[in-house]
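Below is the file data35.tsv, which contains TSV, C-alpha atoms.
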```
chain	number	residue	atom	x	y	z
A	1	MET	CA	0.00	0.00	0.00
A	2	ARG	CA	1.35	3.39	-0.90
A	3	LEU	CA	2.44	5.81	1.79
A	4	PHE	CA	-0.16	8.46	0.94
A	5	GLU	CA	-2.92	5.83	1.17
A	6	ILE	CA	-1.68	4.83	4.65
A	7	ALA	CA	-1.62	8.51	5.60
A	8	ALA	CA	-5.16	8.94	4.25
A	9	PHE	CA	-6.37	6.08	6.48
A	10	ALA	CA	-4.58	7.74	9.42
A	11	VAL	CA	-6.22	11.12	8.81
A	12	ARG	CA	-9.61	9.46	8.44
A	13	GLY	CA	-9.09	7.70	11.77
A	14	LEU	CA	-8.20	10.96	13.52
A	15	THR	CA	-11.19	12.86	12.15
A	16	ALA	CA	-13.57	10.05	13.13
A	17	ASN	CA	-13.36	11.21	16.77
A	18	LYS	CA	-12.53	14.90	16.81
A	19	MET	CA	-13.18	15.35	20.55
A	20	ARG	CA	-10.71	12.65	21.54
A	21	SER	CA	-8.09	13.89	19.10
A	22	GLY	CA	-8.56	17.44	20.35
A	23	LEU	CA	-8.01	16.49	23.98
A	24	THR	CA	-4.81	14.65	23.09
A	25	THR	CA	-3.60	17.61	21.04
A	26	LEU	CA	-4.32	19.92	23.97
A	27	GLY	CA	-1.92	18.01	26.20
A	28	ILE	CA	0.92	18.35	23.69
A	29	LEU	CA	0.00	22.01	23.07
A	30	ILE	CA	0.28	22.84	26.76
A	31	GLY	CA	3.58	21.00	27.10
A	32	VAL	CA	5.25	22.64	24.10
A	33	ALA	CA	3.94	26.13	24.96
A	34	SER	CA	5.13	25.68	28.57
A	35	VAL	CA	8.65	24.71	27.49
A	36	ILE	CA	8.97	27.69	25.15
A	37	LEU	CA	7.45	30.21	27.56
A	38	LEU	CA	9.26	29.10	30.72
A	39	ILE	CA	12.65	29.02	29.01
A	40	ALA	CA	11.90	32.49	27.58
A	41	VAL	CA	10.98	33.75	31.06
A	42	GLY	CA	14.19	32.31	32.54
A	43	ASN	CA	16.26	33.86	29.73
A	44	GLY	CA	14.47	37.16	30.20
A	45	ALA	CA	15.22	37.13	33.92
A	46	SER	CA	18.88	36.44	33.18
A	47	SER	CA	19.06	39.33	30.71
A	48	ALA	CA	17.35	41.67	33.18
A	49	VAL	CA	19.83	40.73	35.91
A	50	GLN	CA	22.77	41.34	33.58
A	51	GLN	CA	21.41	44.75	32.54
A	52	SER	CA	20.70	45.69	36.16
A	53	ILE	CA	24.21	44.81	37.30
A	54	ALA	CA	25.85	46.36	34.24
A	55	GLY	CA	23.88	49.54	34.94
A	56	LEU	CA	25.83	50.00	38.17
A	57	GLY	CA	29.08	50.17	36.24
A	58	THR	CA	32.04	47.85	35.84
A	59	ASN	CA	34.27	49.50	38.45
A	60	ILE	CA	32.29	48.75	41.61
A	61	LEU	CA	33.21	46.65	44.64
A	62	THR	CA	30.67	45.72	47.32
A	63	ILE	CA	31.99	44.85	50.78
A	64	SER	CA	29.70	42.96	53.17
A	65	PRO	CA	30.32	41.48	56.64
A	66	GLN	CA	30.48	37.72	57.06
A	67	ARG	CA	31.42	35.17	59.71
A	68	SER	CA	35.13	34.34	59.66
A	69	GLN	CA	34.41	30.88	61.06
A	70	PRO	CA	31.22	28.81	61.50
A	71	GLY	CA	29.54	29.78	64.76
A	72	SER	CA	31.68	32.88	65.29
A	73	PRO	CA	30.05	36.33	65.62
A	74	VAL	CA	29.97	38.62	62.60
A	75	LYS	CA	32.45	41.46	63.06
A	76	PRO	CA	30.99	44.80	62.01
A	77	LEU	CA	31.99	47.06	59.18
A	78	THR	CA	32.21	50.65	60.40
A	79	THR	CA	32.24	54.16	58.97
A	80	ALA	CA	35.90	54.31	60.03
A	81	ASP	CA	36.57	51.31	57.76
A	82	ALA	CA	34.93	53.13	54.86
A	83	ALA	CA	36.94	56.31	55.53
A	84	ALA	CA	40.19	54.33	55.69
A	85	LEU	CA	39.65	52.91	52.22
A	86	VAL	CA	40.17	56.30	50.55
A	87	GLY	CA	43.67	57.72	50.86
A	88	SER	CA	47.29	57.37	49.91
A	89	ASP	CA	47.30	53.63	50.69
A	90	SER	CA	44.63	53.04	48.06
A	91	PRO	CA	45.41	55.21	45.01
A	92	ASP	CA	43.05	53.18	42.79
A	93	VAL	CA	40.01	53.75	45.05
A	94	LYS	CA	37.96	56.82	44.12
A	95	TYR	CA	35.12	56.64	46.65
A	96	ALA	CA	34.05	54.35	49.49
A	97	SER	CA	30.44	54.95	50.59
A	98	PRO	CA	29.19	53.52	53.90
A	99	VAL	CA	25.69	52.06	53.60
A	100	VAL	CA	23.05	51.15	56.17
A	101	SER	CA	19.65	49.69	55.33
A	102	ALA	CA	16.43	50.05	57.27
A	103	GLN	CA	12.94	48.60	57.20
A	104	ALA	CA	10.73	51.55	56.38
A	105	THR	CA	7.08	52.28	55.80
A	106	ALA	CA	6.44	55.65	54.21
A	107	GLY	CA	3.25	57.65	54.37
A	108	TYR	CA	1.83	60.73	52.72
A	109	GLY	CA	-1.67	61.87	53.48
A	110	THR	CA	-3.81	58.74	53.66
A	111	THR	CA	-1.40	56.68	51.54
A	112	SER	CA	1.03	54.23	53.11
A	113	TYR	CA	3.75	52.28	51.29
A	114	ALA	CA	6.44	49.81	52.43
A	115	ILE	CA	9.71	50.78	50.74
A	116	SER	CA	11.81	47.79	49.70
A	117	GLN	CA	15.13	49.57	50.24
A	118	PHE	CA	15.60	52.51	52.57
A	119	ILE	CA	19.28	53.36	52.49
A	120	GLY	CA	21.46	55.73	54.46
A	121	SER	CA	24.71	56.77	52.81
A	122	ASP	CA	26.80	59.74	51.65
A	123	PRO	CA	26.53	61.89	48.49
A	124	HIS	CA	29.13	59.78	46.66
A	125	TYR	CA	26.71	56.82	46.80
A	126	PHE	CA	24.72	58.25	43.89
A	127	GLU	CA	27.71	58.49	41.57
A	128	THR	CA	29.07	55.13	42.68
A	129	THR	CA	25.78	53.34	41.94
A	130	ASN	CA	25.11	55.32	38.76
A	131	SER	CA	21.96	56.90	40.22
A	132	ALA	CA	21.02	60.16	38.51
A	133	VAL	CA	18.48	62.67	39.77
A	134	ALA	CA	15.43	63.33	37.58
A	135	GLN	CA	13.73	65.99	39.74
A	136	GLY	CA	15.02	68.20	42.51
A	137	ASN	CA	18.47	67.70	44.01
A	138	LEU	CA	20.62	65.21	45.87
A	139	PHE	CA	21.65	65.79	49.48
A	140	SER	CA	25.08	67.20	50.33
A	141	ASP	CA	27.87	66.69	52.86
A	142	ASN	CA	26.37	69.53	54.87
A	143	ASP	CA	23.09	67.59	55.13
A	144	ILE	CA	25.06	64.69	56.60
A	145	GLN	CA	26.90	66.92	59.07
A	146	GLN	CA	23.64	68.51	60.20
A	147	ALA	CA	21.75	65.18	60.10
A	148	ARG	CA	18.93	66.83	58.19
A	149	LYS	CA	15.81	64.77	57.62
A	150	VAL	CA	15.86	64.91	53.86
A	151	VAL	CA	15.39	62.04	51.43
A	152	VAL	CA	15.78	61.24	47.74
A	153	ILE	CA	13.21	58.72	46.52
A	154	GLY	CA	13.08	56.31	43.60
A	155	ALA	CA	10.56	56.52	40.77
A	156	THR	CA	8.39	53.69	42.16
A	157	VAL	CA	8.12	55.32	45.59
A	158	ALA	CA	7.24	58.64	43.93
A	159	THR	CA	4.48	56.97	41.90
A	160	GLN	CA	3.06	55.09	44.88
A	161	LEU	CA	3.03	57.98	47.36
A	162	PHE	CA	2.60	61.00	45.09
A	163	PRO	CA	0.56	59.93	42.07
A	164	GLY	CA	0.14	62.83	39.67
A	165	THR	CA	1.95	65.20	42.08
A	166	ASP	CA	5.47	66.63	42.16
A	167	PRO	CA	7.01	65.07	45.32
A	168	VAL	CA	9.86	67.58	45.63
A	169	GLY	CA	9.37	69.73	48.69
A	170	LYS	CA	6.66	67.50	50.15
A	171	SER	CA	6.97	66.02	53.63
A	172	MET	CA	6.45	62.28	54.03
A	173	LEU	CA	6.51	60.14	57.14
A	174	VAL	CA	9.10	57.36	57.36
A	175	ASN	CA	8.21	55.10	60.29
A	176	ASN	CA	6.21	58.10	61.58
A	177	ILE	CA	9.25	60.41	61.35
A	178	PRO	CA	8.88	63.39	58.95
A	179	PHE	CA	11.34	63.55	56.04
A	180	THR	CA	11.37	66.21	53.32
A	181	VAL	CA	11.63	64.91	49.76
A	182	ILE	CA	14.36	66.91	47.99
A	183	GLY	CA	14.76	64.78	44.85
A	184	VAL	CA	13.49	61.93	42.70
A	185	LEU	CA	15.92	59.51	41.05
A	186	ALA	CA	15.76	58.69	37.36
A	187	ALA	CA	14.02	55.39	36.68
A	188	LYS	CA	16.25	52.35	36.26
A	189	GLY	CA	13.50	49.77	35.72
A	190	SER	CA	12.80	46.37	37.18
A	191	SER	CA	14.92	43.23	36.79
A	192	GLY	CA	11.83	41.11	37.39
A	193	LEU	CA	13.39	39.88	40.62
A	194	GLN	CA	13.76	43.31	42.22
A	195	ASP	CA	12.48	46.79	41.42
A	196	ALA	CA	15.54	49.06	41.31
A	197	ASP	CA	13.28	52.12	41.65
A	198	ASP	CA	11.60	50.94	44.87
A	199	MET	CA	14.09	52.71	47.11
A	200	ALA	CA	14.86	55.84	49.08
A	201	VAL	CA	18.22	57.30	50.08
A	202	ALA	CA	18.76	59.59	53.06
A	203	PRO	CA	21.91	60.97	54.73
A	204	LEU	CA	23.78	58.32	56.70
A	205	THR	CA	23.70	60.24	59.99
A	206	THR	CA	19.97	60.91	59.68
A	207	THR	CA	19.19	57.26	59.01
A	208	GLN	CA	21.32	56.14	61.95
A	209	ASN	CA	19.78	58.76	64.28
A	210	ALA	CA	16.19	58.08	63.30
A	211	LEU	CA	16.00	54.48	62.15
A	212	THR	CA	18.93	52.11	62.55
A	213	GLY	CA	21.05	53.36	65.42
A	214	TYR	CA	24.83	53.65	65.34
A	215	GLY	CA	25.61	49.99	64.79
A	216	SER	CA	27.46	48.20	62.03
A	217	LEU	CA	27.17	49.05	58.36
A	218	THR	CA	25.17	46.89	56.00
A	219	GLN	CA	27.89	47.24	53.38
A	220	ILE	CA	30.52	49.53	51.91
A	221	VAL	CA	30.27	50.38	48.22
A	222	VAL	CA	33.65	51.14	46.64
A	223	GLN	CA	34.21	52.83	43.29
A	224	ALA	CA	37.54	52.22	41.57
A	225	ARG	CA	39.02	54.95	39.43
A	226	SER	CA	38.38	52.86	36.31
A	227	ALA	CA	37.36	49.37	35.27
A	228	ASP	CA	41.01	48.54	34.54
A	229	ALA	CA	41.98	49.64	38.05
A	230	LEU	CA	39.39	47.37	39.71
A	231	PRO	CA	41.79	44.44	40.47
A	232	ASN	CA	44.34	46.81	42.04
A	233	ALA	CA	41.58	48.57	43.99
A	234	GLN	CA	40.34	45.22	45.32
A	235	ALA	CA	43.85	44.24	46.40
A	236	GLN	CA	44.34	47.59	48.16
A	237	VAL	CA	40.95	47.35	49.91
A	238	THR	CA	41.79	43.81	51.07
A	239	THR	CA	45.15	44.90	52.50
A	240	ILE	CA	43.63	47.83	54.38
A	241	LEU	CA	40.71	45.86	55.84
A	242	ASN	CA	42.95	42.92	56.80
A	243	GLY	CA	45.14	45.34	58.73
A	244	ARG	CA	42.23	47.09	60.43
A	245	HIS	CA	40.43	43.83	61.31
A	246	LYS	CA	43.68	42.05	62.22
A	247	ILE	CA	43.05	39.23	59.74
A	248	THR	CA	45.96	36.81	59.78
A	249	GLY	CA	44.38	33.60	58.45
A	250	THR	CA	42.81	32.79	55.11
A	251	THR	CA	39.22	33.49	56.22
A	252	ALA	CA	38.25	37.15	56.55
A	253	ASP	CA	35.30	38.63	58.44
A	254	TYR	CA	34.15	40.45	55.33
A	255	ARG	CA	33.39	39.56	51.73
A	256	ILE	CA	34.28	41.57	48.62
A	257	LEU	CA	32.25	41.12	45.47
A	258	SER	CA	33.09	42.76	42.16
A	259	GLN	CA	30.48	43.32	39.48
A	260	ASP	CA	31.88	40.38	37.47
A	261	GLN	CA	31.62	38.05	40.47
A	262	LEU	CA	28.13	39.29	41.26
A	263	LEU	CA	27.08	38.85	37.64
A	264	THR	CA	28.51	35.32	37.55
A	265	ALA	CA	26.70	34.36	40.76
A	266	ARG	CA	23.38	35.87	39.65
A	267	THR	CA	23.67	34.33	36.18
A	268	ALA	CA	24.39	30.88	37.63
A	269	THR	CA	21.34	31.21	39.89
A	270	THR	CA	19.15	32.29	37.00
A	271	GLU	CA	20.39	29.45	34.80
A	272	THR	CA	19.51	26.97	37.53
A	273	PHE	CA	16.09	28.61	37.77
A	274	THR	CA	15.67	28.27	33.99
A	275	VAL	CA	16.61	24.58	34.03
A	276	LEU	CA	14.10	24.01	36.83
A	277	LEU	CA	11.36	25.75	34.87
A	278	ALA	CA	12.20	23.77	31.72
A	279	SER	CA	12.12	20.53	33.70
A	280	VAL	CA	8.67	21.34	35.05
A	281	ALA	CA	7.50	22.14	31.51
A	282	ALA	CA	8.99	18.88	30.21
A	283	ILE	CA	6.74	16.99	32.60
A	284	SER	CA	3.78	18.47	30.70
A	285	LEU	CA	5.17	16.98	27.49
A	286	LEU	CA	5.58	13.62	29.21
A	287	VAL	CA	1.98	13.75	30.41
A	288	GLY	CA	0.93	14.58	26.86
A	289	GLY	CA	2.83	11.55	25.59
A	290	ILE	CA	1.12	9.28	28.10
A	291	GLY	CA	-2.16	10.75	26.90
A	292	ILE	CA	-1.28	9.78	23.34
A	293	THR	CA	-0.61	6.20	24.44
A	294	ASN	CA	-3.96	5.95	26.22
A	295	ILE	CA	-5.92	7.50	23.37
A	296	MET	CA	-4.25	5.29	20.77
A	297	LEU	CA	-4.89	2.16	22.85
A	298	VAL	CA	-8.56	3.08	23.05
A	299	THR	CA	-8.57	3.79	19.32
A	300	VAL	CA	-7.05	0.39	18.53
A	301	THR	CA	-9.62	-1.35	20.75
A	302	GLU	CA	-12.51	0.43	19.04
A	303	ARG	CA	-11.20	-0.34	15.55
A	304	ILE	CA	-10.23	-3.98	15.96
A	305	ARG	CA	-12.87	-5.15	13.47
A	306	GLU	CA	-11.68	-2.56	10.94
A	307	ILE	CA	-8.12	-3.82	11.40
A	308	GLY	CA	-9.31	-7.41	10.91
A	309	ILE	CA	-11.12	-6.52	7.65
A	310	ARG	CA	-8.09	-4.69	6.30
A	311	LYS	CA	-5.83	-7.63	7.14
A	312	ALA	CA	-8.31	-10.07	5.63
A	313	VAL	CA	-8.22	-8.24	2.28
A	314	GLY	CA	-4.45	-8.28	2.19
A	315	ALA	CA	-3.19	-5.25	4.15
A	316	PRO	CA	0.35	-6.08	5.34
A	317	ARG	CA	1.44	-5.68	8.93
A	318	SER	CA	3.63	-2.70	7.97
A	319	SER	CA	0.66	-0.70	6.68
A	320	ILE	CA	-1.29	-1.21	9.93
A	321	LEU	CA	1.80	-0.29	11.96
A	322	GLY	CA	2.44	2.76	9.76
A	323	GLN	CA	-1.17	3.94	9.95
A	324	PHE	CA	-1.27	4.09	13.73
A	325	LEU	CA	2.24	5.53	13.99
A	326	ILE	CA	1.23	8.28	11.55
A	327	GLU	CA	-1.92	8.95	13.58
A	328	ALA	CA	0.08	9.33	16.79
A	329	THR	CA	2.72	11.47	15.08
A	330	LEU	CA	0.15	13.73	13.43
A	331	LEU	CA	-1.53	14.27	16.79
A	332	SER	CA	1.72	15.31	18.42
A	333	LEU	CA	2.87	17.44	15.44
A	334	PHE	CA	-0.43	19.30	15.31
A	335	GLY	CA	-0.35	19.84	19.06
A	336	GLY	CA	3.31	20.91	18.79
A	337	ALA	CA	2.55	23.44	16.06
A	338	LEU	CA	-0.27	24.94	18.11
A	339	GLY	CA	2.02	24.94	21.18
A	340	VAL	CA	4.72	26.82	19.25
A	341	ALA	CA	2.14	29.40	18.16
A	342	ALA	CA	0.89	29.77	21.74
A	343	GLY	CA	4.46	30.09	23.03
A	344	LEU	CA	5.36	32.75	20.45
A	345	ILE	CA	2.25	34.76	21.30
A	346	GLY	CA	2.73	34.39	25.05
A	347	SER	CA	6.35	35.55	24.86
A	348	GLN	CA	5.16	38.97	23.67
A	349	PHE	CA	3.69	39.74	27.11
A	350	THR	CA	5.40	40.64	30.37
A	351	ILE	CA	5.09	37.80	32.88
A	352	ALA	CA	5.54	38.47	36.62
A	353	GLY	CA	7.44	41.65	35.80
A	354	ILE	CA	9.80	39.85	33.40
A	355	LYS	CA	9.89	40.43	29.66
A	356	PRO	CA	10.44	36.97	28.13
A	357	VAL	CA	13.35	36.64	25.71
A	358	LEU	CA	12.59	33.97	23.12
A	359	VAL	CA	15.25	31.30	22.56
A	360	PRO	CA	14.96	29.96	18.97
A	361	SER	CA	16.63	26.69	19.91
A	362	SER	CA	13.92	26.06	22.54
A	363	VAL	CA	11.23	26.42	19.86
A	364	LEU	CA	12.93	23.90	17.57
A	365	LEU	CA	13.70	21.55	20.46
A	366	ALA	CA	10.14	21.61	21.82
A	367	PHE	CA	8.65	20.96	18.38
A	368	ALA	CA	11.12	18.16	17.62
A	369	VAL	CA	10.46	16.54	21.00
A	370	SER	CA	6.71	16.68	20.35
A	371	ALA	CA	7.24	14.70	17.12
A	372	LEU	CA	9.45	12.15	18.89
A	373	ILE	CA	6.84	11.79	21.62
A	374	GLY	CA	4.28	10.84	18.99
A	375	LEU	CA	6.59	8.19	17.57
A	376	PHE	CA	7.68	6.86	20.96
A	377	PHE	CA	4.36	6.78	22.75
A	378	GLY	CA	2.47	5.72	19.65
A	379	SER	CA	4.75	2.76	18.92
A	380	TYR	CA	3.20	0.41	21.49
A	381	PRO	CA	-0.44	0.88	20.39
A	382	ALA	CA	0.64	0.70	16.74
A	383	SER	CA	2.61	-2.49	17.34
A	384	ARG	CA	-0.34	-4.01	19.20
A	385	ALA	CA	-2.65	-3.22	16.28
A	386	ALA	CA	-0.22	-4.66	13.74
A	387	LYS	CA	0.08	-7.96	15.65
A	388	LEU	CA	-3.64	-8.70	15.68
A	389	ARG	CA	-4.61	-11.89	13.85
A	390	PRO	CA	-7.36	-11.31	11.24
A	391	ILE	CA	-9.66	-14.10	12.47
A	392	GLU	CA	-9.48	-12.90	16.10
A	393	ALA	CA	-10.03	-9.29	15.07
A	394	LEU	CA	-13.11	-10.19	13.00
A	395	ARG	CA	-14.61	-12.12	15.89
A	396	HIS	CA	-14.14	-9.17	18.28
A	397	GLU	CA	-17.35	-7.69	19.63
```

Once you've parsed the file, please lay out its structure as structure tokens.
Amino acid sequence: MRLFEIAAFAVRGLTANKMRSGLTTLGILIGVASVILLIAVGNGASSAVQQSIAGLGTNILTISPQRSQPGSPVKPLTTADAAALVGSDSPDVKYASPVVSAQATAGYGTTSYAISQFIGSDPHYFETTNSAVAQGNLFSDNDIQQARKVVVIGATVATQLFPGTDPVGKSMLVNNIPFTVIGVLAAKGSSGLQDADDMAVAPLTTTQNALTGYGSLTQIVVQARSADALPNAQAQVTTILNGRHKITGTTADYRILSQDQLLTARTATTETFTVLLASVAAISLLVGGIGITNIMLVTVTERIREIGIRKAVGAPRSSILGQFLIEATLLSLFGGALGVAAGLIGSQFTIAGIKPVLVPSSVLLAFAVSALIGLFFGSYPASRAAKLRPIEALRHE
């Protein structure tokens, strides 16, 4: 029997029960669309993280406290440590900004908003973190000396607390303490994992007086004089801090991360996240394949007499096998094509704050896997149909 005749029998068998074929196709559609979309979301998150970190510049070091040994107390970073990092012993360090973070709920009028990051630092923090002012002004060294209750807010905070109103000059409550808004930062956008504009920055002394107390710093942000000078700056910072903290062993009580190290760590995390998402989506494809097996087994059972008649009039075993393999493959290919279309359409929308970035290889892989699923999961029902003896098939009720 010619191939196109076998294919014609296969198509006729599929159209005989459109509801059943549609349900099987739906399973493959969901699986393929899930693979494409979830990989695109993971890739989009990775791209957003890279852009967010790159936006801070390539000459930044972040110093954070850590335990020198398991179970030992965390030694604090201090403002004196930050001040010591800028001087003749560190010619490649341009600025070192002390940073403290506080939990803060801001209010204006009847509106209340929990700010993700309320930071206390010095004026150099804005240049170091590549934060430009869009409205108003930044605070000055004099504001720090006088511990003035002034604050510069991010675009998200401005939108949440002062919708349709210029925030500059307005007084807002931060944990029930009045702060005057003197500036609004230019929008940086969201990485999907964190909104870079959901922040507020106040003078270090003000934040310590009003919110955090004069304890340890959350971190020190260091700006090297250039990207090329970053390795030398890191070595100089390490030498100074080791001397101040009397570090003699190999384990320090602080951790230094460069932008490259931070990017590598974030990228590795995001890649793991993407693999996890793809694995979850692959389960949908597996479920779709099991659905094909079940549907094809039911189809074979219902068409045993038809198979017996075809064998009785001379249809070879290969044509029966081919017919049911083609049916299973067509189901999975059709579902795969619809899944690709759904994935392409879905990737045009922002999902959970992340703009998906389509990976062409994932589209091809998902579609190819859908075809292989049809062949693999359809082989058992097809083989079972091909092995039926004509006399037994004709006697089947």

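Near A:Gln234, within 9 Å and counting only C-alpha atoms, sit Leu61, Asp92, Val93, Ala224, Ala229, Leu230, Pro231, Val237, Thr238, Thr239, Ile256 and Ser258 of chain A, not including residues fewer than 3 positions from it in the same chain.
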
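Our summary of the geometry notes that atom CA of A:Ala235 is positioned 17.7 Å from atom CA of A:Leu77.
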
Please produce, as CSV, a per-residue contact table for stretch 187-247 of chain A versus stretch 105-115 of chain A (criterion: any atom at most 8 Å away, all atoms listed in the file considered), showing the nearest atom pair and its distance in Å to one decimal, sorted by chain then residue number.
```
residue,atom,partner,partner_atom,distance
A:Asp198,CA,A:Ile115,CA,6.2
A:Met199,CA,A:Ile115,CA,6.0
A:Ala200,CA,A:Ile115,CA,7.4
```

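Candidate residues A:Thr128, A:Thr272, A:Ser121, A:Ser361 were compared for distance to A:Leu204, and the nearest is A:Ser121, using all atoms listed in the file.
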
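Atom CA of A:Asp195 is positioned 25.2 Å from atom CA of A:Tyr95.
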
### Message
Within 6 Å of (8.4, 35.0, 22.5) in the file's own coordinates, which protein, DNA or RNA residues have an atom, counting only C-alpha atoms? List them as a PyMOL selection string.
### Response
chain A and resi 344+347-348+358

### Query
Between A:Pro91, A:Gly215, A:Gly136, A:Pro98, which is the closest to A:Val168 once you count only C-alpha atoms?
A:Gly136

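Relative to atom CA of A:Ser101, atom CA of A:Tyr254 is found at 17.2 Å.
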
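The shortest atom-to-atom distance to A:Pro203, with all atoms listed in the file taken into account, belongs to A:Gln145 out of A:Ser90, A:Gln135, A:Ser362, A:Gln145.
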
#### Entry: Contacts of A:Asp166 at 12 Å (only C-alpha atoms; same-chain gap of 4+ positions) as a ChimeraX atom specification
/A:134-136,153,155,158-159,161-162,170-171,181-184

### Summary
Residue with the minimum atom-to-atom distance to A:Gln103, picked from A:Val151, A:Ile240, A:Leu211, A:Ile373 with all atoms listed in the file counted, is A:Leu211

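For A:Asn43, the residues within 7 Å (counting only C-alpha atoms, excluding itself and residues fewer than 4 positions away along the chain) are Ile39, Ser47, Pro356 and Val357 of chain A.
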
### Query
Pick the closest to A:Val100 from A:Gly27, A:Gly213, A:Gly169, A:Gly322: which is it, counting all atoms listed in the file?
A:Gly213

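Across A:Phe334, A:Tyr214, A:Phe126, A:Tyr380, the tightest approach to A:Val201 is made by A:Phe126 when counting only C-alpha atoms.
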